[in-house]
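Listing of final_12.pdb, PDB, C-alpha atoms and all ligand atoms
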ATOM      1  CA  MET A   1       0.706  10.478 -14.375  1.00  0.00           C
ATOM      2  CA  ALA A   2       0.410  14.021 -15.685  1.00  0.00           C
ATOM      3  CA  SER A   3      -1.703  15.627 -12.972  1.00  0.00           C
ATOM      4  CA  LYS A   4      -0.676  15.720  -9.335  1.00  0.00           C
ATOM      5  CA  CYS A   5      -4.060  14.655  -7.932  1.00  0.00           C
ATOM      6  CA  VAL A   6      -3.498  11.018  -7.154  1.00  0.00           C
ATOM      7  CA  LEU A   7      -5.844  11.018  -4.157  1.00  0.00           C
ATOM      8  CA  GLN A   8      -8.613  12.380  -6.361  1.00  0.00           C
ATOM      9  CA  TYR A   9      -7.802   9.695  -8.936  1.00  0.00           C
ATOM     10  CA  LEU A  10      -8.091   7.002  -6.234  1.00  0.00           C
ATOM     11  CA  ARG A  11     -11.452   8.406  -5.139  1.00  0.00           C
ATOM     12  CA  GLU A  12     -12.648   8.315  -8.738  1.00  0.00           C
ATOM     13  CA  VAL A  13     -11.548   4.686  -9.020  1.00  0.00           C
ATOM     14  CA  LEU A  14     -13.924   3.940  -6.152  1.00  0.00           C
ATOM     15  CA  GLU A  15     -16.753   5.978  -7.681  1.00  0.00           C
ATOM     16  CA  LYS A  16     -16.447   4.109 -10.965  1.00  0.00           C
ATOM     17  CA  GLN A  17     -15.978   0.591  -9.666  1.00  0.00           C
ATOM     18  CA  ASN A  18     -16.475  -1.616  -6.682  1.00  0.00           C
ATOM     19  CA  ALA A  19     -12.930  -1.350  -5.356  1.00  0.00           C
ATOM     20  CA  GLY A  20      -9.376  -0.721  -6.516  1.00  0.00           C
ATOM     21  CA  TYR A  21      -6.373  -2.949  -7.004  1.00  0.00           C
ATOM     22  CA  LEU A  22      -2.843  -1.800  -6.192  1.00  0.00           C
ATOM     23  CA  VAL A  23       0.312  -3.739  -6.966  1.00  0.00           C
ATOM     24  CA  LEU A  24       3.323  -3.264  -4.711  1.00  0.00           C
ATOM     25  CA  ILE A  25       6.788  -3.412  -6.227  1.00  0.00           C
ATOM     26  CA  ASP A  26       9.547  -3.838  -3.666  1.00  0.00           C
ATOM     27  CA  PRO A  27      12.872  -2.961  -5.364  1.00  0.00           C
ATOM     28  CA  GLU A  28      14.625  -5.491  -3.138  1.00  0.00           C
ATOM     29  CA  LYS A  29      12.568  -8.295  -4.634  1.00  0.00           C
ATOM     30  CA  CYS A  30      12.256  -7.213  -8.249  1.00  0.00           C
ATOM     31  CA  GLU A  31      15.083  -7.021 -10.777  1.00  0.00           C
ATOM     32  CA  ILE A  32      15.086  -3.611 -12.433  1.00  0.00           C
ATOM     33  CA  ASP A  33      15.377  -5.260 -15.846  1.00  0.00           C
ATOM     34  CA  ARG A  34      11.935  -6.776 -15.268  1.00  0.00           C
ATOM     35  CA  CYS A  35      10.312  -3.416 -14.544  1.00  0.00           C
ATOM     36  CA  PRO A  36       9.553  -2.160 -18.080  1.00  0.00           C
ATOM     37  CA  LYS A  37       7.623  -5.284 -19.086  1.00  0.00           C
ATOM     38  CA  LEU A  38       6.066  -5.583 -15.642  1.00  0.00           C
ATOM     39  CA  ALA A  39       4.821  -1.988 -15.740  1.00  0.00           C
ATOM     40  CA  ARG A  40       3.203  -2.500 -19.140  1.00  0.00           C
ATOM     41  CA  GLU A  41       1.564  -5.734 -18.000  1.00  0.00           C
ATOM     42  CA  ILE A  42       0.341  -4.173 -14.762  1.00  0.00           C
ATOM     43  CA  GLU A  43      -1.414  -1.452 -16.739  1.00  0.00           C
ATOM     44  CA  ARG A  44      -2.842  -3.876 -19.327  1.00  0.00           C
ATOM     45  CA  ALA A  45      -4.135  -6.163 -16.549  1.00  0.00           C
ATOM     46  CA  GLY A  46      -6.333  -3.380 -15.173  1.00  0.00           C
ATOM     47  CA  VAL A  47      -4.373  -2.555 -12.008  1.00  0.00           C
ATOM     48  CA  ASP A  48      -5.318   0.903 -10.701  1.00  0.00           C
ATOM     49  CA  ALA A  49      -1.973   2.149  -9.379  1.00  0.00           C
ATOM     50  CA  ILE A  50       1.535   1.007  -8.489  1.00  0.00           C
ATOM     51  CA  LEU A  51       2.965   1.191  -4.985  1.00  0.00           C
ATOM     52  CA  LEU A  52       6.748   1.333  -4.818  1.00  0.00           C
ATOM     53  CA  GLY A  53       8.729   0.662  -1.657  1.00  0.00           C
ATOM     54  CA  GLY A  54       9.526  -1.685   1.182  1.00  0.00           C
ATOM     55  CA  SER A  55      10.492  -1.810   4.838  1.00  0.00           C
ATOM     56  CA  LEU A  56      14.232  -1.856   4.189  1.00  0.00           C
ATOM     57  CA  LEU A  57      15.841  -0.595   0.998  1.00  0.00           C
ATOM     58  CA  THR A  58      19.479  -1.079   0.156  1.00  0.00           C
ATOM     59  CA  LEU A  59      19.026  -0.168  -3.514  1.00  0.00           C
ATOM     60  CA  ASP A  60      18.637   3.171  -5.227  1.00  0.00           C
ATOM     61  CA  LEU A  61      14.920   3.880  -5.650  1.00  0.00           C
ATOM     62  CA  HIS A  62      15.298   6.498  -8.411  1.00  0.00           C
ATOM     63  CA  PRO A  63      15.901   4.191 -11.410  1.00  0.00           C
ATOM     64  CA  PHE A  64      12.979   1.986 -10.408  1.00  0.00           C
ATOM     65  CA  ALA A  65      10.541   4.891 -10.261  1.00  0.00           C
ATOM     66  CA  GLU A  66      11.978   6.454 -13.414  1.00  0.00           C
ATOM     67  CA  THR A  67      11.663   3.201 -15.357  1.00  0.00           C
ATOM     68  CA  LEU A  68       8.108   2.559 -14.188  1.00  0.00           C
ATOM     69  CA  LYS A  69       7.049   6.092 -15.070  1.00  0.00           C
ATOM     70  CA  THR A  70       8.448   5.784 -18.551  1.00  0.00           C
ATOM     71  CA  GLU A  71       6.437   2.643 -19.209  1.00  0.00           C
ATOM     72  CA  THR A  72       3.034   3.384 -17.698  1.00  0.00           C
ATOM     73  CA  ASP A  73       0.578   6.208 -17.160  1.00  0.00           C
ATOM     74  CA  LEU A  74      -0.627   4.675 -13.913  1.00  0.00           C
ATOM     75  CA  PRO A  75       0.180   6.667 -10.775  1.00  0.00           C
ATOM     76  CA  ILE A  76       3.417   5.640  -9.079  1.00  0.00           C
ATOM     77  CA  ILE A  77       2.860   5.984  -5.342  1.00  0.00           C
ATOM     78  CA  LEU A  78       5.746   5.656  -2.922  1.00  0.00           C
ATOM     79  CA  PHE A  79       5.155   3.349   0.037  1.00  0.00           C
ATOM     80  CA  PRO A  80       8.202   4.162   2.155  1.00  0.00           C
ATOM     81  CA  GLY A  81       9.699   2.297   5.070  1.00  0.00           C
ATOM     82  CA  ASP A  82      11.393   5.479   6.272  1.00  0.00           C
ATOM     83  CA  SER A  83      12.326   9.027   5.296  1.00  0.00           C
ATOM     84  CA  MET A  84      15.173   7.915   3.019  1.00  0.00           C
ATOM     85  CA  HIS A  85      12.835   6.115   0.633  1.00  0.00           C
ATOM     86  CA  LEU A  86      12.026   9.081  -1.569  1.00  0.00           C
ATOM     87  CA  THR A  87      12.430   9.948  -5.224  1.00  0.00           C
ATOM     88  CA  ALA A  88      11.265  12.779  -7.456  1.00  0.00           C
ATOM     89  CA  HIS A  89      10.281  10.298 -10.166  1.00  0.00           C
ATOM     90  CA  ALA A  90       7.093   9.173  -8.401  1.00  0.00           C
ATOM     91  CA  ASP A  91       3.740  10.976  -8.427  1.00  0.00           C
ATOM     92  CA  ALA A  92       2.681  10.688  -4.811  1.00  0.00           C
ATOM     93  CA  ILE A  93       3.603   9.186  -1.486  1.00  0.00           C
ATOM     94  CA  LEU A  94       1.539   7.357   1.102  1.00  0.00           C
ATOM     95  CA  TYR A  95       2.481   9.715   3.920  1.00  0.00           C
ATOM     96  CA  THR A  96       1.995   7.063   6.550  1.00  0.00           C
ATOM     97  CA  SER A  97       2.012   7.314  10.292  1.00  0.00           C
ATOM     98  CA  LEU A  98       2.255   3.947  12.039  1.00  0.00           C
ATOM     99  CA  ILE A  99      -0.641   4.657  14.366  1.00  0.00           C
ATOM    100  CA  SER A 100      -0.943   1.118  15.748  1.00  0.00           C
ATOM    101  CA  GLY A 101       2.514   1.559  17.283  1.00  0.00           C
ATOM    102  CA  ARG A 102       3.772   3.775  20.050  1.00  0.00           C
ATOM    103  CA  ASN A 103       7.155   4.514  18.580  1.00  0.00           C
ATOM    104  CA  PRO A 104       7.385   8.304  18.137  1.00  0.00           C
ATOM    105  CA  ASN A 105       9.889   7.911  15.328  1.00  0.00           C
ATOM    106  CA  TYR A 106       7.326   6.159  13.115  1.00  0.00           C
ATOM    107  CA  LEU A 107       4.430   8.267  14.357  1.00  0.00           C
ATOM    108  CA  ILE A 108       6.036  11.631  13.487  1.00  0.00           C
ATOM    109  CA  GLY A 109       9.857  11.498  13.412  1.00  0.00           C
ATOM    110  CA  GLU A 110      10.414  10.070   9.934  1.00  0.00           C
ATOM    111  CA  GLN A 111       7.591  12.236   8.606  1.00  0.00           C
ATOM    112  CA  VAL A 112       9.366  15.414   9.748  1.00  0.00           C
ATOM    113  CA  LYS A 113      12.607  14.306   8.108  1.00  0.00           C
ATOM    114  CA  ALA A 114      10.792  13.474   4.868  1.00  0.00           C
ATOM    115  CA  ALA A 115       8.637  16.618   4.644  1.00  0.00           C
ATOM    116  CA  PRO A 116      11.200  19.023   3.085  1.00  0.00           C
ATOM    117  CA  TRP A 117      12.153  16.416   0.508  1.00  0.00           C
ATOM    118  CA  ILE A 118       8.540  15.700  -0.400  1.00  0.00           C
ATOM    119  CA  GLN A 119       8.143  19.423  -0.984  1.00  0.00           C
ATOM    120  CA  ARG A 120      11.365  19.682  -2.989  1.00  0.00           C
ATOM    121  CA  TYR A 121      10.474  16.680  -5.137  1.00  0.00           C
ATOM    122  CA  GLY A 122       6.924  17.917  -5.746  1.00  0.00           C
ATOM    123  CA  LEU A 123       5.393  14.665  -4.511  1.00  0.00           C
ATOM    124  CA  GLU A 124       1.738  14.606  -3.527  1.00  0.00           C
ATOM    125  CA  PRO A 125       1.553  13.500   0.111  1.00  0.00           C
ATOM    126  CA  ILE A 126      -1.467  11.320   0.887  1.00  0.00           C
ATOM    127  CA  PRO A 127      -1.888  11.238   4.686  1.00  0.00           C
ATOM    128  CA  THR A 128      -2.464   7.615   5.641  1.00  0.00           C
ATOM    129  CA  GLY A 129      -3.140   5.950   8.971  1.00  0.00           C
ATOM    130  CA  TYR A 130      -1.045   2.790   8.858  1.00  0.00           C
ATOM    131  CA  ILE A 131      -2.268   0.019  11.153  1.00  0.00           C
ATOM    132  CA  LEU A 132      -0.256  -3.150  11.627  1.00  0.00           C
ATOM    133  CA  ILE A 133      -2.231  -6.317  12.339  1.00  0.00           C
ATOM    134  CA  ASP A 134      -0.747  -9.623  13.477  1.00  0.00           C
ATOM    135  CA  GLY A 135      -0.391 -11.731  10.340  1.00  0.00           C
ATOM    136  CA  GLY A 136       0.702 -14.920  12.126  1.00  0.00           C
ATOM    137  CA  ASN A 137       4.418 -14.370  11.621  1.00  0.00           C
ATOM    138  CA  ARG A 138       6.813 -11.600  12.571  1.00  0.00           C
ATOM    139  CA  SER A 139       6.683  -8.951   9.863  1.00  0.00           C
ATOM    140  CA  ALA A 140       9.445  -6.690   8.606  1.00  0.00           C
ATOM    141  CA  VAL A 141       7.362  -3.681   9.678  1.00  0.00           C
ATOM    142  CA  GLU A 142       7.120  -5.021  13.214  1.00  0.00           C
ATOM    143  CA  PHE A 143      10.846  -5.632  13.420  1.00  0.00           C
ATOM    144  CA  MET A 144      11.990  -2.423  11.720  1.00  0.00           C
ATOM    145  CA  SER A 145       9.596  -0.175  13.644  1.00  0.00           C
ATOM    146  CA  GLY A 146       9.982  -1.939  16.977  1.00  0.00           C
ATOM    147  CA  THR A 147       6.209  -1.875  17.433  1.00  0.00           C
ATOM    148  CA  ALA A 148       3.728  -4.606  18.281  1.00  0.00           C
ATOM    149  CA  PRO A 149       0.933  -5.411  15.827  1.00  0.00           C
ATOM    150  CA  ILE A 150      -2.699  -5.369  16.931  1.00  0.00           C
ATOM    151  CA  PRO A 151      -3.833  -8.924  17.769  1.00  0.00           C
ATOM    152  CA  ARG A 152      -5.931 -10.465  14.970  1.00  0.00           C
ATOM    153  CA  GLU A 153      -8.834 -11.219  17.300  1.00  0.00           C
ATOM    154  CA  LYS A 154      -9.110  -7.605  18.475  1.00  0.00           C
ATOM    155  CA  PRO A 155     -11.199  -5.671  15.940  1.00  0.00           C
ATOM    156  CA  ASP A 156     -12.398  -3.602  18.879  1.00  0.00           C
ATOM    157  CA  ILE A 157      -8.852  -2.223  19.153  1.00  0.00           C
ATOM    158  CA  ALA A 158      -8.282  -1.766  15.415  1.00  0.00           C
ATOM    159  CA  ALA A 159     -11.520   0.159  14.806  1.00  0.00           C
ATOM    160  CA  PRO A 160     -10.808   3.106  17.157  1.00  0.00           C
ATOM    161  CA  HIS A 161      -7.324   3.405  15.661  1.00  0.00           C
ATOM    162  CA  ALA A 162      -8.900   3.845  12.229  1.00  0.00           C
ATOM    163  CA  LEU A 163     -11.440   6.317  13.573  1.00  0.00           C
ATOM    164  CA  ALA A 164      -8.640   8.295  15.218  1.00  0.00           C
ATOM    165  CA  ALA A 165      -6.862   8.406  11.851  1.00  0.00           C
ATOM    166  CA  GLN A 166      -9.967   9.896  10.276  1.00  0.00           C
ATOM    167  CA  TYR A 167     -10.396  12.411  13.107  1.00  0.00           C
ATOM    168  CA  LEU A 168      -6.755  13.437  12.676  1.00  0.00           C
ATOM    169  CA  GLY A 169      -7.523  14.301   9.053  1.00  0.00           C
ATOM    170  CA  MET A 170      -5.891  11.336   7.372  1.00  0.00           C
ATOM    171  CA  GLN A 171      -7.293  10.499   3.958  1.00  0.00           C
ATOM    172  CA  LEU A 172      -6.725   6.744   3.873  1.00  0.00           C
ATOM    173  CA  VAL A 173      -6.467   3.902   6.358  1.00  0.00           C
ATOM    174  CA  TYR A 174      -4.165   0.977   5.560  1.00  0.00           C
ATOM    175  CA  LEU A 175      -4.738  -2.302   7.410  1.00  0.00           C
ATOM    176  CA  GLU A 176      -1.453  -4.178   7.012  1.00  0.00           C
ATOM    177  CA  ALA A 177      -0.818  -7.807   7.944  1.00  0.00           C
ATOM    178  CA  GLY A 178       2.776  -7.459   6.706  1.00  0.00           C
ATOM    179  CA  SER A 179       4.346  -8.533   3.465  1.00  0.00           C
ATOM    180  CA  GLY A 180       4.357 -12.316   3.260  1.00  0.00           C
ATOM    181  CA  ALA A 181       1.962 -12.623   6.195  1.00  0.00           C
ATOM    182  CA  GLU A 182       0.844 -16.126   7.001  1.00  0.00           C
ATOM    183  CA  TYR A 183      -2.743 -14.891   7.303  1.00  0.00           C
ATOM    184  CA  PRO A 184      -4.261 -11.763   5.779  1.00  0.00           C
ATOM    185  CA  VAL A 185      -6.222  -9.242   7.850  1.00  0.00           C
ATOM    186  CA  PRO A 186      -9.319 -11.070   9.199  1.00  0.00           C
ATOM    187  CA  ASN A 187     -12.646 -10.367   7.505  1.00  0.00           C
ATOM    188  CA  LEU A 188     -14.398  -9.361  10.702  1.00  0.00           C
ATOM    189  CA  MET A 189     -11.680  -6.865  11.502  1.00  0.00           C
ATOM    190  CA  ILE A 190     -12.075  -5.312   8.039  1.00  0.00           C
ATOM    191  CA  LYS A 191     -15.833  -5.150   8.542  1.00  0.00           C
ATOM    192  CA  SER A 192     -15.505  -3.612  11.977  1.00  0.00           C
ATOM    193  CA  VAL A 193     -12.970  -0.978  10.857  1.00  0.00           C
ATOM    194  CA  LYS A 194     -14.979  -0.130   7.745  1.00  0.00           C
ATOM    195  CA  SER A 195     -18.119   0.416   9.821  1.00  0.00           C
ATOM    196  CA  GLN A 196     -16.319   3.168  11.758  1.00  0.00           C
ATOM    197  CA  ILE A 197     -14.830   5.278   8.967  1.00  0.00           C
ATOM    198  CA  ASP A 198     -15.839   7.180   5.852  1.00  0.00           C
ATOM    199  CA  ILE A 199     -12.389   7.370   4.284  1.00  0.00           C
ATOM    200  CA  PRO A 200     -11.138   4.620   1.935  1.00  0.00           C
ATOM    201  CA  LEU A 201      -9.703   1.472   3.484  1.00  0.00           C
ATOM    202  CA  ILE A 202      -6.643  -0.266   2.021  1.00  0.00           C
ATOM    203  CA  VAL A 203      -6.005  -3.893   2.981  1.00  0.00           C
ATOM    204  CA  GLY A 204      -2.774  -5.754   2.271  1.00  0.00           C
ATOM    205  CA  GLY A 205      -0.417  -8.460   3.434  1.00  0.00           C
ATOM    206  CA  GLY A 206      -0.727 -12.192   2.798  1.00  0.00           C
ATOM    207  CA  ILE A 207      -3.380 -11.983   0.064  1.00  0.00           C
ATOM    208  CA  ARG A 208      -2.372 -14.802  -2.273  1.00  0.00           C
ATOM    209  CA  ASP A 209      -5.325 -15.532  -4.524  1.00  0.00           C
ATOM    210  CA  PRO A 210      -8.057 -13.578  -6.304  1.00  0.00           C
ATOM    211  CA  GLU A 211     -10.815 -15.267  -4.275  1.00  0.00           C
ATOM    212  CA  CYS A 212      -9.258 -13.995  -1.058  1.00  0.00           C
ATOM    213  CA  ALA A 213      -8.985 -10.490  -2.559  1.00  0.00           C
ATOM    214  CA  ALA A 214     -12.676 -10.542  -3.557  1.00  0.00           C
ATOM    215  CA  GLU A 215     -13.630 -11.734  -0.077  1.00  0.00           C
ATOM    216  CA  LYS A 216     -11.753  -8.841   1.556  1.00  0.00           C
ATOM    217  CA  VAL A 217     -13.616  -6.436  -0.736  1.00  0.00           C
ATOM    218  CA  ARG A 218     -16.950  -8.006   0.238  1.00  0.00           C
ATOM    219  CA  PHE A 219     -16.113  -7.357   3.886  1.00  0.00           C
ATOM    220  CA  GLY A 220     -15.303  -3.694   3.263  1.00  0.00           C
ATOM    221  CA  ALA A 221     -11.834  -3.234   1.749  1.00  0.00           C
ATOM    222  CA  ASP A 222     -11.769  -0.390  -0.798  1.00  0.00           C
ATOM    223  CA  PHE A 223      -8.291  -1.134  -2.111  1.00  0.00           C
ATOM    224  CA  ILE A 224      -6.436  -4.438  -2.161  1.00  0.00           C
ATOM    225  CA  VAL A 225      -2.629  -4.559  -2.235  1.00  0.00           C
ATOM    226  CA  THR A 226      -0.618  -7.554  -3.365  1.00  0.00           C
ATOM    227  CA  GLY A 227       3.161  -7.720  -3.451  1.00  0.00           C
ATOM    228  CA  ASN A 228       4.791 -11.063  -2.796  1.00  0.00           C
ATOM    229  CA  ILE A 229       2.512 -13.232  -4.866  1.00  0.00           C
ATOM    230  CA  LEU A 230       3.308 -11.348  -8.045  1.00  0.00           C
ATOM    231  CA  GLU A 231       6.983 -11.137  -7.238  1.00  0.00           C
ATOM    232  CA  LYS A 232       7.073 -14.909  -6.753  1.00  0.00           C
ATOM    233  CA  CYS A 233       4.803 -16.154  -9.517  1.00  0.00           C
ATOM    234  CA  GLY A 234       3.913 -12.955 -11.317  1.00  0.00           C
ATOM    235  CA  SER A 235       2.140 -13.335 -14.583  1.00  0.00           C
ATOM    236  CA  PHE A 236      -0.126 -11.142 -16.627  1.00  0.00           C
ATOM    237  CA  GLU A 237      -2.939 -13.681 -16.230  1.00  0.00           C
ATOM    238  CA  LEU A 238      -2.707 -13.709 -12.442  1.00  0.00           C
ATOM    239  CA  MET A 239      -2.711  -9.911 -12.222  1.00  0.00           C
ATOM    240  CA  LYS A 240      -5.740  -9.782 -14.487  1.00  0.00           C
ATOM    241  CA  GLN A 241      -7.542 -12.343 -12.328  1.00  0.00           C
ATOM    242  CA  PHE A 242      -6.806 -10.226  -9.240  1.00  0.00           C
ATOM    243  CA  ALA A 243      -7.961  -7.053 -10.978  1.00  0.00           C
ATOM    244  CA  ASP A 244     -11.184  -8.697 -12.179  1.00  0.00           C
ATOM    245  CA  ALA A 245     -11.870 -10.191  -8.735  1.00  0.00           C
ATOM    246  CA  VAL A 246     -11.333  -6.870  -6.975  1.00  0.00           C
ATOM    247  CA  HIS A 247     -13.307  -4.834  -9.498  1.00  0.00           C
ATOM    248  CA  GLY A 248     -16.189  -7.311  -9.256  1.00  0.00           C
TER
HETATM  249  C1  LIG A 301       2.893  -5.300   2.145  1.00  0.00           C
HETATM  250  O1  LIG A 301       0.544  -5.152   2.098  1.00  0.00           O
HETATM  251  C2  LIG A 301       1.662  -5.335   1.311  1.00  0.00           C
HETATM  252  O2  LIG A 301       3.117  -4.067   2.671  1.00  0.00           O
HETATM  253  C3  LIG A 301       1.618  -6.546   0.426  1.00  0.00           C
HETATM  254  O3  LIG A 301       1.799  -7.741   1.148  1.00  0.00           O
HETATM  255  O4  LIG A 301       3.574  -8.902  -0.124  1.00  0.00           O
HETATM  256  O5  LIG A 301       2.057 -10.196   1.383  1.00  0.00           O
HETATM  257  O6  LIG A 301       1.209  -9.255  -0.760  1.00  0.00           O
HETATM  258  P1  LIG A 301       2.188  -9.088   0.355  1.00  0.00           P
END

Translate this file's structure into structure tokens.
Amino acid sequence: MASKCVLQYLREVLEKQNAGYLVLIDPEKCEIDRCPKLAREIERAGVDAILLGGSLLTLDLHPFAETLKTETDLPIILFPGDSMHLTAHADAILYTSLISGRNPNYLIGEQVKAAPWIQRYGLEPIPTGYILIDGGNRSAVEFMSGTAPIPREKPDIAAPHALAAQYLGMQLVYLEAGSGAEYPVPNLMIKSVKSQIDIPLIVGGGIRDPECAAEKVRFGADFIVTGNILEKCGSFELMKQFADAVHG
């Protein structure tokens, strides 16, 4: 993406259409040789942006971001598990703080370590309140961060977290059930959180079919993220169905 205003681009996506669709590529689960074709198909399917990252990376992120950028004009947005998951080849970074947890390292520690590199790499930081919800199984985020997710039946706890994110000046809220979650974030929790905030709401984790994605949008999600389902049975047709369902 030529300009460095990815947040503005995301806001325009929401002005133009019902909601936005983001595809997550986790380098640990995607062969780099697949990336050129995948990037072209993602763009052709009507996906709005690409998230790149994962909870634990053992591979070099640079060639993945570089390859994706060569093949698509869509924004490449880093979705880091920690401060080492950075590359200059992306456009922006979800500058997340894991606000559902009480681990200072994921609230502010990793962010401090990453800040000079974000500046050096010229990445656009998008401050994001990251809220982990119990997805029915133990997620990588839960394990890696050493934090407990918010219980699924407690929208009354999730909503003030999201409101606090907005009051702290964050620009997005991400409700995360965890990659490969058994259950996605519950509809009533999405509705409750959405009723409390004015900033865009991202929902991801365990969304496996376009109908589910459309349902989450109906309950208030502004952006839907899918990762696993496309890594497992990724096809152009499926991505297009997701994009169409989300865009309404
Ligand atoms: C994970 O929300 C994303 O951070 C996507 O989850 O892999 O379950 O689609 P899935």

Please enclose the listed atoms of ligand LIG 301 (chain A) in an axis-aligned box, pad each side by 8 Å, and write out the centre and the three edge lengths in Å, rounded to one decimal, as AutoDock Vina command-line options.
--center_x 2.1 --center_y -7.1 --center_z 1.0 --size_x 19.0 --size_y 22.1 --size_z 19.4

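Around ligand LIG 301 (chain A), the neighbouring residues within 6 Å, taking only C-alpha atoms and all ligand atoms, come to Glu176, Gly178, Ser179, Gly180, Ala181, Gly204, Gly205, Gly206, Ile207, Val225, Thr226, Gly227, Asn228 and Ile229 of chain A.
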
Exercise. Return as a list in words the set of residues that the PyMOL selection byres (((chain A and resi 93) around 8) and not hetatm) yields on the displayed structure.
Key: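 Matching residues under the PyMOL selection byres (((chain A and resi 93) around 8) and not hetatm) are Ile77, Leu78, Phe79, Pro80, Ala90, Asp91, Ala92, Leu94, Tyr95, Leu123, Glu124, Pro125 and Ile126 of chain A.
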
Self-check item: Closest of A:Arg208, A:Arg102, A:Lys191, A:Arg120 to Pro149 of chain A - atom-to-atom distances counting all atoms listed in the file
Solution: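 Closest to Pro149 of chain A, using all atoms listed in the file: A:Arg102.
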
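Here atom CA of Leu24 of chain A is placed at a distance of 24.8 Å from atom CA of Gly169 of chain A.
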
Quiz item: What separation in Å, quoted to one decimal, exists between atom CA of Asp60 of chain A and atom CA of Glu231 of chain A?
Solution: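 Going from atom CA of Asp60 of chain A over to atom CA of Glu231 of chain A covers 18.6 Å.
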
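In terms of minimum interatomic distance to Pro160 of chain A, A:Ser195 ranks closest within A:Thr87, A:Asn105, A:Thr70, A:Ser195, counting only C-alpha atoms.
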
Practice problem: Can you give me, as a list in words, the residues this file yields under the PyMOL selection byres (((chain A and resi 132) around 8) and not hetatm)? | Solution: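 Those residues are Leu98, Ser100, Gly101, Tyr130, Ile131, Ile133, Asp134, Val141, Glu142, Ala148, Pro149, Ile150, Leu175, Glu176, Ala177 and Gly178 of chain A.
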
Exercise. Report as a list in words the full result of the PyMOL selection byres (((chain A and resi 84) around 12) and not hetatm) when it is applied to this structure.
Key: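 Here the PyMOL selection byres (((chain A and resi 84) around 12) and not hetatm) matches Gly53, Gly54, Ser55, Leu56, Leu57, Thr58, Leu59, Asp60, Leu61, His62, Leu78, Phe79, Pro80, Gly81, Asp82, Ser83, His85, Leu86, Thr87, Glu110, Gln111, Val112, Lys113, Ala114, Ala115, Pro116, Trp117 and Ile118 of chain A.
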
Taking (-5.9, 3.9, 8.1) as a centre in this file's frame and 9 Å as the limit, can you find every polymer residue with an atom that close, using all atoms listed in the file, and give them as a compact mmCIF listing (two decimals) with C-alpha atoms, in the frame of the given file?
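The resulting file, out-v1.txt, is shown below:
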# COMPACT_ATOMS: atom_id res chain seq x y z
CA THR A 96 2.00 7.06 6.55
CA SER A 97 2.01 7.31 10.29
CA ILE A 99 -0.64 4.66 14.37
CA THR A 128 -2.46 7.62 5.64
CA GLY A 129 -3.14 5.95 8.97
CA TYR A 130 -1.04 2.79 8.86
CA ILE A 131 -2.27 0.02 11.15
CA HIS A 161 -7.32 3.40 15.66
CA ALA A 162 -8.90 3.84 12.23
CA LEU A 163 -11.44 6.32 13.57
CA ALA A 164 -8.64 8.30 15.22
CA ALA A 165 -6.86 8.41 11.85
CA GLN A 166 -9.97 9.90 10.28
CA MET A 170 -5.89 11.34 7.37
CA GLN A 171 -7.29 10.50 3.96
CA LEU A 172 -6.72 6.74 3.87
CA VAL A 173 -6.47 3.90 6.36
CA TYR A 174 -4.16 0.98 5.56
CA LEU A 175 -4.74 -2.30 7.41
CA ILE A 199 -12.39 7.37 4.28
CA PRO A 200 -11.14 4.62 1.94
CA LEU A 201 -9.70 1.47 3.48
CA ILE A 202 -6.64 -0.27 2.02

Quiz item: So what do you get for atom CA of Ala213 of chain A versus atom CA of Tyr9 of chain A, distance-wise?
Solution: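 One can read the atom CA of Ala213 of chain A to atom CA of Tyr9 of chain A distance as 21.2 Å.
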